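Everything below belongs to entry-v1.txt, which stores compact mmCIF, C-alpha atoms and all ligand atoms.
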```txt
# COMPACT_ATOMS: atom_id res chain seq x y z
CA MET U 242 8.23 13.06 -43.68
CA SER U 243 7.76 13.27 -39.99
CA THR U 244 10.54 14.80 -37.92
CA GLN U 245 8.93 13.92 -34.65
CA GLN U 246 10.99 13.15 -31.56
CA PRO U 247 10.50 9.63 -30.19
CA ARG U 248 7.37 9.79 -28.13
CA LYS U 249 7.76 9.80 -24.35
CA PRO U 250 6.24 6.83 -22.53
CA ARG U 251 2.70 7.67 -21.54
CA VAL U 252 1.86 6.93 -17.92
CA ALA U 253 -1.64 6.79 -16.45
CA LEU U 254 -1.73 7.79 -12.78
CA VAL U 255 -4.72 6.00 -11.34
CA PHE U 256 -6.03 7.21 -7.98
CA GLY U 257 -9.05 7.42 -5.67
CA GLY U 258 -10.95 4.15 -5.81
CA ARG U 259 -13.48 2.25 -3.78
CA SER U 260 -11.50 1.62 -0.59
CA SER U 261 -11.68 3.63 2.61
CA GLU U 262 -8.25 5.01 1.72
CA HIS U 263 -9.72 6.98 -1.21
CA PRO U 264 -8.76 10.40 0.25
CA VAL U 265 -5.19 9.30 0.98
CA SER U 266 -4.85 8.12 -2.60
CA CYS U 267 -6.07 11.49 -3.91
CA VAL U 268 -3.47 13.36 -1.89
CA THR U 269 -0.77 10.99 -3.10
CA ALA U 270 -1.81 11.51 -6.73
CA ALA U 271 -1.55 15.28 -6.35
CA SER U 272 2.01 14.91 -5.03
CA VAL U 273 3.10 12.50 -7.76
CA MET U 274 1.51 14.67 -10.45
CA ALA U 275 3.49 17.66 -9.21
CA ALA U 276 6.79 15.77 -9.07
CA VAL U 277 6.82 13.35 -12.01
CA ASP U 278 9.55 14.09 -14.57
CA ARG U 279 7.68 15.64 -17.54
CA ASP U 280 10.83 15.61 -19.65
CA ARG U 281 10.70 11.83 -19.58
CA TYR U 282 7.02 10.95 -19.35
CA GLU U 283 3.62 12.06 -20.51
CA VAL U 284 1.10 11.76 -17.72
CA VAL U 285 -2.64 11.19 -17.78
CA PRO U 286 -4.37 11.39 -14.39
CA ILE U 287 -7.32 9.03 -14.00
CA GLY U 288 -9.52 9.31 -10.92
CA ILE U 289 -11.69 6.41 -9.78
CA THR U 290 -14.83 7.57 -8.00
CA ARG U 291 -15.97 5.94 -4.77
CA GLU U 292 -18.47 4.03 -6.90
CA GLY U 293 -15.70 2.67 -9.10
CA LYS U 294 -16.07 4.79 -12.24
CA TRP U 295 -12.78 5.61 -14.01
CA LEU U 296 -12.63 9.23 -15.26
CA VAL U 297 -9.89 11.19 -17.00
CA HIS U 298 -9.08 14.08 -14.69
CA ASP U 299 -8.31 17.52 -16.06
CA GLY U 300 -4.68 17.43 -14.94
CA ASP U 301 -4.80 19.95 -12.11
CA LEU U 302 -4.84 17.87 -8.94
CA SER U 303 -3.63 20.65 -6.65
CA ALA U 304 -7.00 20.91 -4.87
CA LEU U 305 -6.66 17.35 -3.58
CA THR U 306 -5.20 18.02 -0.13
CA PHE U 307 -6.04 17.34 3.51
CA SER U 308 -6.13 21.08 4.28
CA GLY U 309 -9.82 21.83 3.62
CA SER U 310 -12.78 20.98 5.83
CA GLN U 311 -13.66 17.95 3.69
CA LEU U 312 -11.54 14.94 2.84
CA PRO U 313 -10.49 15.07 -0.83
CA GLN U 314 -12.29 12.83 -3.29
CA VAL U 315 -12.71 12.15 -7.00
CA LEU U 316 -15.82 13.87 -8.34
CA GLY U 317 -17.97 12.34 -11.05
CA GLU U 318 -16.85 14.54 -13.95
CA GLY U 319 -14.65 13.71 -16.92
CA VAL U 320 -14.32 11.33 -19.83
CA GLU U 321 -15.05 7.79 -18.75
CA VAL U 322 -12.27 5.22 -19.19
CA ALA U 323 -12.73 1.57 -20.10
CA VAL U 324 -10.17 -1.20 -19.97
CA PRO U 325 -10.62 -3.56 -22.92
CA LEU U 326 -10.21 -7.15 -21.86
CA SER U 327 -8.35 -8.43 -24.86
CA GLN U 328 -4.72 -8.39 -25.94
CA GLU U 329 -5.47 -6.99 -29.39
CA GLU U 330 -6.72 -3.69 -28.11
CA ARG U 331 -4.01 -3.12 -25.46
CA GLY U 332 -4.17 0.09 -23.49
CA LEU U 333 -7.08 2.10 -22.24
CA ARG U 334 -10.14 3.30 -24.09
CA ALA U 335 -12.31 6.41 -23.72
CA VAL U 336 -16.03 5.75 -23.58
CA GLY U 337 -17.84 7.77 -26.26
CA HIS U 338 -14.69 9.71 -27.17
CA ASP U 339 -11.67 9.40 -29.39
CA ALA U 340 -8.96 7.81 -27.21
CA ASP U 341 -6.40 10.24 -28.54
CA GLY U 342 -8.53 13.24 -27.72
CA ALA U 343 -8.87 12.03 -24.16
CA GLY U 344 -5.08 11.55 -23.93
CA LEU U 345 -5.48 7.81 -23.50
CA ARG U 346 -3.98 6.51 -26.70
CA ASP U 347 -0.98 4.23 -26.19
CA VAL U 348 -0.82 4.37 -22.43
CA GLU U 349 2.26 2.21 -21.82
CA VAL U 350 2.09 1.90 -18.09
CA VAL U 351 -0.43 2.37 -15.33
CA PHE U 352 0.78 3.70 -11.99
CA PRO U 353 -1.89 2.54 -9.53
CA LEU U 354 -1.65 4.98 -6.63
CA LEU U 355 -4.34 3.04 -4.85
CA HIS U 356 -4.34 1.74 -1.32
CA GLY U 357 -6.51 -1.02 0.05
CA PRO U 358 -9.09 -3.31 -1.55
CA PHE U 359 -9.93 -2.87 -5.26
CA GLY U 360 -6.54 -1.37 -6.02
CA GLU U 361 -3.71 -2.69 -3.89
CA ASP U 362 -5.17 -6.19 -3.57
CA GLY U 363 -4.67 -7.74 -7.00
CA THR U 364 -8.10 -6.99 -8.45
CA LEU U 365 -6.91 -4.04 -10.53
CA GLN U 366 -3.68 -5.89 -11.33
CA GLY U 367 -5.69 -8.83 -12.70
CA MET U 368 -7.72 -6.55 -14.91
CA LEU U 369 -4.58 -4.91 -16.30
CA ASP U 370 -3.06 -8.36 -16.91
CA LEU U 371 -6.13 -9.30 -18.96
CA ALA U 372 -5.69 -6.13 -20.97
CA ASP U 373 -1.93 -6.74 -21.40
CA VAL U 374 -1.09 -3.37 -19.86
CA ARG U 375 2.05 -2.89 -17.76
CA TYR U 376 1.74 -1.42 -14.29
CA VAL U 377 3.89 -0.25 -11.40
CA GLY U 378 4.24 -2.63 -8.46
CA SER U 379 3.33 -6.16 -7.57
CA GLY U 380 1.21 -8.56 -9.62
CA VAL U 381 -1.97 -10.39 -8.70
CA LEU U 382 -0.72 -12.96 -6.23
CA ALA U 383 1.65 -10.78 -4.21
CA SER U 384 -0.86 -7.93 -4.11
CA ALA U 385 -3.64 -10.23 -2.90
CA VAL U 386 -1.58 -12.07 -0.30
CA MET U 387 -0.05 -8.89 1.09
CA MET U 388 -3.46 -7.23 1.34
CA ASP U 389 -4.65 -9.96 3.68
CA LYS U 390 -3.15 -9.65 7.16
CA HIS U 391 -3.86 -13.34 7.73
CA TYR U 392 -2.31 -14.82 4.60
CA MET U 393 0.68 -12.54 4.70
CA LYS U 394 1.52 -14.03 8.12
CA VAL U 395 1.18 -17.55 6.72
CA VAL U 396 3.65 -16.67 3.96
CA PHE U 397 6.05 -14.87 6.30
CA ALA U 398 6.10 -17.78 8.76
CA ALA U 399 6.76 -20.24 5.91
CA ALA U 400 9.73 -18.07 4.90
CA GLY U 401 11.19 -18.34 8.41
CA LEU U 402 10.25 -14.83 9.56
CA THR U 403 8.88 -14.28 13.06
CA VAL U 404 5.23 -13.28 13.32
CA GLY U 405 3.32 -12.52 16.51
CA PRO U 406 0.54 -14.75 17.92
CA TYR U 407 -2.87 -14.21 16.33
CA GLN U 408 -6.34 -15.63 15.69
CA VAL U 409 -8.54 -15.19 12.64
CA ILE U 410 -12.33 -14.77 12.77
CA THR U 411 -13.93 -15.46 9.39
CA ASP U 412 -17.46 -14.40 8.60
CA LYS U 413 -18.54 -18.03 8.92
CA ASP U 414 -16.90 -18.37 12.36
CA TRP U 415 -18.68 -15.25 13.51
CA CYS U 416 -22.08 -16.17 12.17
CA ARG U 417 -21.87 -19.74 13.44
CA ASP U 418 -20.77 -19.01 17.01
CA SER U 419 -19.44 -15.57 17.81
CA GLN U 420 -18.88 -16.37 21.49
CA ALA U 421 -16.65 -19.33 20.63
CA ALA U 422 -14.63 -17.05 18.36
CA LEU U 423 -14.25 -14.47 21.13
CA ASP U 424 -13.25 -17.13 23.66
CA ARG U 425 -10.57 -18.37 21.29
CA CYS U 426 -9.17 -14.83 20.98
CA ALA U 427 -9.33 -14.18 24.72
CA GLN U 428 -6.64 -16.88 25.12
CA LEU U 429 -4.16 -14.43 23.60
CA GLN U 430 -2.23 -12.10 25.85
CA PHE U 431 -3.83 -8.63 26.21
CA PRO U 432 -3.67 -5.93 24.96
CA LEU U 433 -4.99 -7.17 21.62
CA TYR U 434 -5.16 -5.45 18.25
CA VAL U 435 -8.37 -6.21 16.41
CA LYS U 436 -8.17 -5.47 12.70
CA PRO U 437 -10.08 -5.90 9.45
CA CYS U 438 -7.94 -8.40 7.52
CA ARG U 439 -7.99 -6.39 4.32
CA ALA U 440 -7.87 -2.68 5.10
CA GLY U 441 -5.12 -0.15 5.69
CA SER U 442 -4.30 3.26 7.15
CA SER U 443 -5.34 1.82 10.55
CA VAL U 444 -9.00 2.04 9.50
CA GLY U 445 -11.22 -0.17 11.67
CA ILE U 446 -8.41 -1.16 14.07
CA THR U 447 -9.05 -1.16 17.84
CA ARG U 448 -6.60 -1.75 20.64
CA VAL U 449 -8.40 -3.84 23.26
CA GLU U 450 -7.30 -3.94 26.89
CA HIS U 451 -10.06 -6.13 28.38
CA ALA U 452 -12.03 -9.17 27.20
CA GLU U 453 -15.36 -7.39 27.57
CA GLU U 454 -14.35 -4.83 24.88
CA LEU U 455 -13.54 -7.54 22.39
CA ARG U 456 -16.99 -8.06 20.85
CA ALA U 457 -17.44 -4.37 20.03
CA ALA U 458 -13.94 -4.26 18.51
CA VAL U 459 -14.70 -7.25 16.26
CA GLU U 460 -17.98 -5.64 15.19
CA ALA U 461 -16.09 -2.42 14.37
CA ALA U 462 -13.53 -4.31 12.27
CA ARG U 463 -16.32 -6.21 10.51
CA GLU U 464 -17.70 -2.91 9.22
CA HIS U 465 -14.69 -2.85 6.92
CA ASP U 466 -14.14 -6.54 6.26
CA PRO U 467 -16.09 -9.68 7.22
CA LYS U 468 -12.73 -11.33 7.92
CA VAL U 469 -11.07 -10.13 11.12
CA ILE U 470 -7.66 -10.78 12.65
CA VAL U 471 -6.96 -10.49 16.37
CA GLU U 472 -3.32 -10.10 17.31
CA GLU U 473 -1.38 -10.04 20.53
CA GLY U 474 -0.03 -6.57 21.19
CA ILE U 475 3.70 -6.42 20.70
CA PHE U 476 5.72 -4.01 22.76
CA GLY U 477 8.45 -2.65 20.58
CA ARG U 478 9.64 0.13 18.32
CA GLU U 479 8.00 0.36 14.87
CA ILE U 480 10.74 0.08 12.27
CA GLU U 481 10.12 0.25 8.51
CA CYS U 482 12.24 -0.64 5.50
CA GLY U 483 11.68 0.25 1.86
CA VAL U 484 12.39 -2.34 -0.82
CA LEU U 485 12.95 -1.39 -4.44
CA GLU U 486 13.30 -4.05 -7.12
CA GLY U 487 16.64 -4.30 -8.93
CA HIS U 488 16.82 -3.49 -12.65
CA HIS U 489 17.04 -6.37 -15.13
CA GLY U 490 17.43 -9.08 -12.50
CA GLU U 491 19.97 -7.16 -10.38
CA PRO U 492 19.53 -7.75 -6.62
CA ASP U 493 16.58 -6.03 -5.00
CA ARG U 494 17.48 -3.05 -2.83
CA ALA U 495 16.67 -2.39 0.84
CA SER U 496 16.60 1.21 2.06
CA PRO U 497 17.95 2.67 5.29
CA LEU U 498 15.48 2.06 8.12
CA GLY U 499 12.92 4.49 9.46
CA GLU U 500 11.11 4.60 12.76
CA ILE U 501 7.56 5.69 13.58
CA VAL U 502 7.52 7.64 16.81
CA VAL U 503 3.97 8.30 18.02
CA GLU U 504 3.73 11.02 20.64
CA GLN U 505 1.29 10.99 23.54
CA GLY U 506 -2.41 11.18 22.80
CA HIS U 507 -2.57 8.21 20.46
CA ALA U 508 -2.83 4.65 21.76
CA PHE U 509 -1.09 3.53 18.56
CA TYR U 510 -0.32 4.69 15.01
CA ASP U 511 -3.99 5.29 14.16
CA PHE U 512 -5.62 7.12 11.23
CA GLU U 513 -5.52 10.55 12.92
CA ALA U 514 -1.88 10.11 13.85
CA LYS U 515 -1.07 9.01 10.29
CA TYR U 516 -2.77 11.80 8.35
CA LEU U 517 -4.43 14.48 10.44
CA ASP U 518 -2.36 15.27 13.54
CA GLY U 519 0.88 16.17 11.84
CA ASP U 520 2.65 17.08 15.08
CA ASP U 521 1.96 13.86 16.94
CA VAL U 522 4.04 11.56 14.81
CA ARG U 523 7.63 11.71 13.82
CA LEU U 524 9.07 9.62 11.04
CA SER U 525 12.62 9.32 12.15
CA CYS U 526 15.19 8.34 9.55
CA PRO U 527 17.62 6.70 9.83
CA ALA U 528 16.42 4.74 12.86
CA VAL U 529 19.08 4.60 15.54
CA MET U 530 20.03 1.02 16.47
CA PRO U 531 23.02 -1.32 16.40
CA GLU U 532 24.16 -1.76 12.79
CA ALA U 533 23.99 -5.57 13.05
CA ASP U 534 20.29 -5.41 13.95
CA ALA U 535 19.61 -2.88 11.19
CA GLU U 536 21.30 -5.16 8.67
CA HIS U 537 19.27 -8.09 9.94
CA ILE U 538 16.03 -6.13 9.46
CA ARG U 539 17.04 -5.15 5.94
CA GLU U 540 17.75 -8.80 5.10
CA GLN U 541 14.38 -9.82 6.48
CA ALA U 542 12.68 -7.10 4.46
CA ILE U 543 14.17 -8.54 1.26
CA ARG U 544 13.21 -12.06 2.34
CA ALA U 545 9.62 -10.97 2.95
CA PHE U 546 9.56 -9.21 -0.45
CA HIS U 547 10.66 -12.45 -2.13
CA ALA U 548 8.40 -14.70 -0.07
CA ALA U 549 5.29 -13.52 -1.91
CA GLY U 550 7.02 -12.56 -5.15
CA CYS U 551 6.57 -8.80 -4.77
CA GLU U 552 7.60 -6.59 -7.69
CA GLY U 553 8.59 -2.95 -8.02
CA LEU U 554 8.24 -1.66 -4.51
CA ALA U 555 7.06 -2.49 -1.01
CA ARG U 556 7.44 -1.14 2.48
CA VAL U 557 8.08 -3.81 5.09
CA ASP U 558 7.11 -2.97 8.68
CA PHE U 559 8.58 -4.57 11.79
CA PHE U 560 8.38 -4.42 15.55
CA TYR U 561 11.79 -4.28 17.23
CA THR U 562 11.51 -5.26 20.87
CA PRO U 563 13.70 -4.01 23.73
CA GLN U 564 15.22 -7.52 23.80
CA GLY U 565 16.31 -7.06 20.17
CA GLN U 566 13.69 -9.41 18.72
CA ILE U 567 12.53 -8.61 15.19
CA ILE U 568 8.87 -9.40 14.48
CA ILE U 569 7.37 -8.67 11.08
CA ASN U 570 4.06 -6.78 11.16
CA GLU U 571 3.12 -6.29 7.53
CA ILE U 572 4.05 -5.48 3.95
CA ASN U 573 2.42 -2.70 2.00
CA THR U 574 2.71 -3.27 -1.74
CA MET U 575 1.58 0.31 -2.39
CA PRO U 576 2.90 2.18 0.63
CA GLY U 577 2.02 5.78 1.46
CA PHE U 578 3.62 7.75 -1.33
CA THR U 579 3.44 11.49 -0.67
CA PRO U 580 6.87 13.18 -0.41
CA PHE U 581 6.41 13.13 3.39
CA SER U 582 5.50 9.47 3.60
CA MET U 583 7.96 6.96 4.95
CA TYR U 584 8.74 5.09 1.73
CA PRO U 585 9.89 8.11 -0.32
CA ARG U 586 11.66 9.53 2.75
CA LEU U 587 13.66 6.33 3.18
CA TRP U 588 14.85 6.46 -0.42
CA GLN U 589 15.65 10.13 -0.10
CA GLU U 590 17.93 9.13 2.76
CA ALA U 591 19.59 6.72 0.32
CA GLY U 592 20.08 9.54 -2.21
CA ILE U 593 17.08 8.94 -4.51
CA SER U 594 14.85 12.02 -4.80
CA TYR U 595 11.06 11.77 -4.93
CA THR U 596 11.07 12.57 -8.66
CA ASP U 597 13.77 9.99 -9.36
CA LEU U 598 11.95 7.38 -7.28
CA ILE U 599 8.83 7.88 -9.41
CA SER U 600 10.97 7.47 -12.56
CA GLU U 601 12.62 4.34 -11.11
CA LEU U 602 9.23 2.75 -10.53
CA ILE U 603 7.98 3.61 -14.01
CA GLU U 604 11.18 2.23 -15.57
CA LEU U 605 10.90 -1.01 -13.57
CA ALA U 606 7.34 -1.41 -14.83
CA LEU U 607 8.39 -0.72 -18.43
CA GLU U 608 11.19 -3.32 -18.18
CA ARG U 609 8.79 -6.03 -17.09
CA ARG U 610 7.02 -8.26 -19.57
CA THR U 611 3.25 -8.59 -19.46
CA GLY U 612 1.48 -11.88 -18.79
CA LEU U 613 2.93 -14.61 -16.58
CA ARG U 614 6.33 -13.72 -15.20
N1 LIG U 701 0.20 -6.62 17.12
C1 LIG U 701 0.43 -5.31 17.35
N2 LIG U 701 1.11 -4.91 18.46
C2 LIG U 701 1.34 -3.60 18.70
N3 LIG U 701 0.90 -2.60 17.91
C3 LIG U 701 0.21 -2.93 16.81
C4 LIG U 701 -0.06 -4.31 16.47
N4 LIG U 701 -0.76 -4.32 15.33
C5 LIG U 701 -0.93 -3.03 14.96
N5 LIG U 701 -0.36 -2.18 15.84
C6 LIG U 701 -0.39 -0.71 15.76
O1 LIG U 701 -1.42 -0.33 14.86
C7 LIG U 701 -0.88 0.29 13.69
C8 LIG U 701 -1.65 -0.12 12.46
O2 LIG U 701 -1.63 -1.52 12.31
P1 LIG U 701 -1.22 -2.23 10.97
O3 LIG U 701 -1.30 -3.70 11.17
O4 LIG U 701 0.09 -1.70 10.52
O5 LIG U 701 -2.39 -1.82 9.98
P2 LIG U 701 -2.46 -0.86 8.69
O6 LIG U 701 -2.44 -1.79 7.53
O7 LIG U 701 -3.76 -0.18 8.84
O8 LIG U 701 -1.27 0.05 8.73
C9 LIG U 701 0.59 -0.13 13.68
O9 LIG U 701 1.38 0.79 12.99
C10 LIG U 701 0.88 -0.16 15.19
O10 LIG U 701 1.04 1.16 15.70
MG MG U 702 0.70 -0.46 8.99
```
Please lay out the structure from this file as structure tokens.
Ligand SMILES: Nc1ncnc2c1ncn2[C@@H]1O[C@H](COP(=O)(O)OP(=O)(O)O)[C@@H](O)[C@H]1O
Ligand SMILES: [Mg+2]
Amino acid sequence: MSTQQPRKPRVALVFGGRSSEHPVSCVTAASVMAAVDRDRYEVVPIGITREGKWLVHDGDLSALTFSGSQLPQVLGEGVEVAVPLSQEERGLRAVGHDADGAGLRDVEVVFPLLHGPFGEDGTLQGMLDLADVRYVGSGVLASAVMMDKHYMKVVFAAAGLTVGPYQVITDKDWCRDSQAALDRCAQLQFPLYVKPCRAGSSVGITRVEHAEELRAAVEAAREHDPKVIVEEGIFGREIECGVLEGHHGEPDRASPLGEIVVEQGHAFYDFEAKYLDGDDVRLSCPAVMPEADAEHIREQAIRAFHAAGCEGLARVDFFYTPQGQIIINEINTMPGFTPFSMYPRLWQEAGISYTDLISELIELALERRTGLR
């Protein structure tokens, strides 16, 4: 007779990946690995190399930090992981190894700590749906829409939220007549923000003051994505709100608000300001503003979350103008998730520790059924 305790849910932390945010994801994984509640969950770290190979990591992720001379990355060593694309097999498989030996047997939930394309954009979510494996966060549609800075605006506007003026340059537009595309964008009020539609961490974004800089900015964005969005610059404070799904159909929850304060030396909240120049940015929480406006922003955050059918978590980012106007900038379905990132900080302000937030997200994923929801 077996006297075994009920087994703890087994969680696969998936990190790294093919997007330009690979190093950020590695750092996040190290933080989550250190904080996840081991009394409640068994954890298997799985790193995805820049080439897209899934490998079981040895469990010690402490070397994955921004402190060394090189950006952290997943190296090509470890047992390779496959995701079987049928319901019968469920879970993850080890290539050439016994799944149990590799710690992969009966993985109940995948926690995709991935930012950007091929992770936060619905591709990974679709693969896990095919395999009937639960995962933390939004499903295919919400992930895909909220990865695309163009389509997210379409959805926000349809939900009655205010978005700033913008133009989209598709690859076809650019190849057919790049000058016509630039002329169309030059109608917007400068300064402009030129961005790859499907990137993150401010990668590939240029602030453009004059029309003659526009072409180079579009070319720079196109290095990351053939689809480019050009937005009018909005003068306002950057205010962010965390949304956490409710349990078992309970109302979804909006966090206290945070503010990004970028010190001098950065034209905007760029990659260096976000990750490398720790002193130049302050995440201020709670953001100081009239309570009625704060409440309004929280309501809009929930509305944006519902508009695309987000699940689990999202961080909703706004501009708050000196006139009190609230303009939505974007949703991140897998927001920065180190203990110092805005999303966990906002929930800490609401009384949910980093460890408890991780548990919340895993529980929400376990509650959810697989397949169409
Ligand atoms: N339309 C805009 N007006 C003013 N600032 C902007 C605008 N778009 C982006 N920014 C600045 O650039 C930063 C990164 O842009 P964002 O759209 O949030 O891209 P990412 O997905 O890379 O975070 C913002 O946090 C803000 O500082
Ligand atoms: Mg942003």
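When all atoms listed in the file are used to compute distances to Ile572 of chain U, the closest of the residues U:Gly300, U:Gly363, U:Pro358, U:Gly483 turns out to be U:Gly483.
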| task | Within 8 Å of Ala400 of chain U, counting all atoms listed in the file, which residues show up once you throw out same-chain ones fewer than 2 positions away? Write them as JSON, numbers by chain, please. | result | {"U": [396, 397, 398, 402, 544, 545, 548]}
Residues as selected, C-alpha atoms, written as a PDB file, in the coordinates of the input, can you do that?
```pdb
ATOM      1  CA  VAL U 396       3.650 -16.670   3.960  1.00  0.00           C
ATOM      2  CA  PHE U 397       6.050 -14.870   6.300  1.00  0.00           C
ATOM      3  CA  ALA U 398       6.100 -17.780   8.760  1.00  0.00           C
ATOM      4  CA  LEU U 402      10.250 -14.830   9.560  1.00  0.00           C
ATOM      5  CA  ARG U 544      13.210 -12.060   2.340  1.00  0.00           C
ATOM      6  CA  ALA U 545       9.620 -10.970   2.950  1.00  0.00           C
ATOM      7  CA  ALA U 548       8.400 -14.700  -0.070  1.00  0.00           C
TER       8      ALA U 548
END
```
| query | Neighbours of Ala508 of chain U within 8 Å (only C-alpha atoms; same-chain residues fewer than 3 positions away dropped), as a ChimeraX atom specification? | reply | /U:448,505,511
| With only C-alpha atoms and all ligand atoms as the atoms that count, which of U:Val322, U:Val404, U:Met388, U:Ile543 lies nearest to ligand MG 702 (chain U)? |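 Result for the nearest residue to ligand MG 702 (chain U): U:Met388.
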| said: What's the separation between atom CA of Asp412 of chain U and atom CA of Cys551 of chain U, in Å to one decimal place? | reply: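 Separation of atom CA of Asp412 of chain U and atom CA of Cys551 of chain U: 28.1 Å.
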| field | Contacts of segment 426-429 of chain U at 10 Å (all atoms listed in the file; same-chain gap of 2+ positions) as JSON, numbers by chain | value | {"U": [406, 407, 408, 409, 410, 420, 421, 422, 423, 424, 431, 432, 433, 435, 451, 452, 453, 455, 470, 471, 472, 473, 474]}
Please give the centre and size of the box around ligand LIG 701 (chain U) (axis-aligned, containing every atom listed in the file, 5 Å added per side), with values in Å to one decimal and written as AutoDock Vina command-line options.
```
--center_x -1.2 --center_y -2.7 --center_z 13.1 --size_x 15.1 --size_y 17.8 --size_z 21.2
```
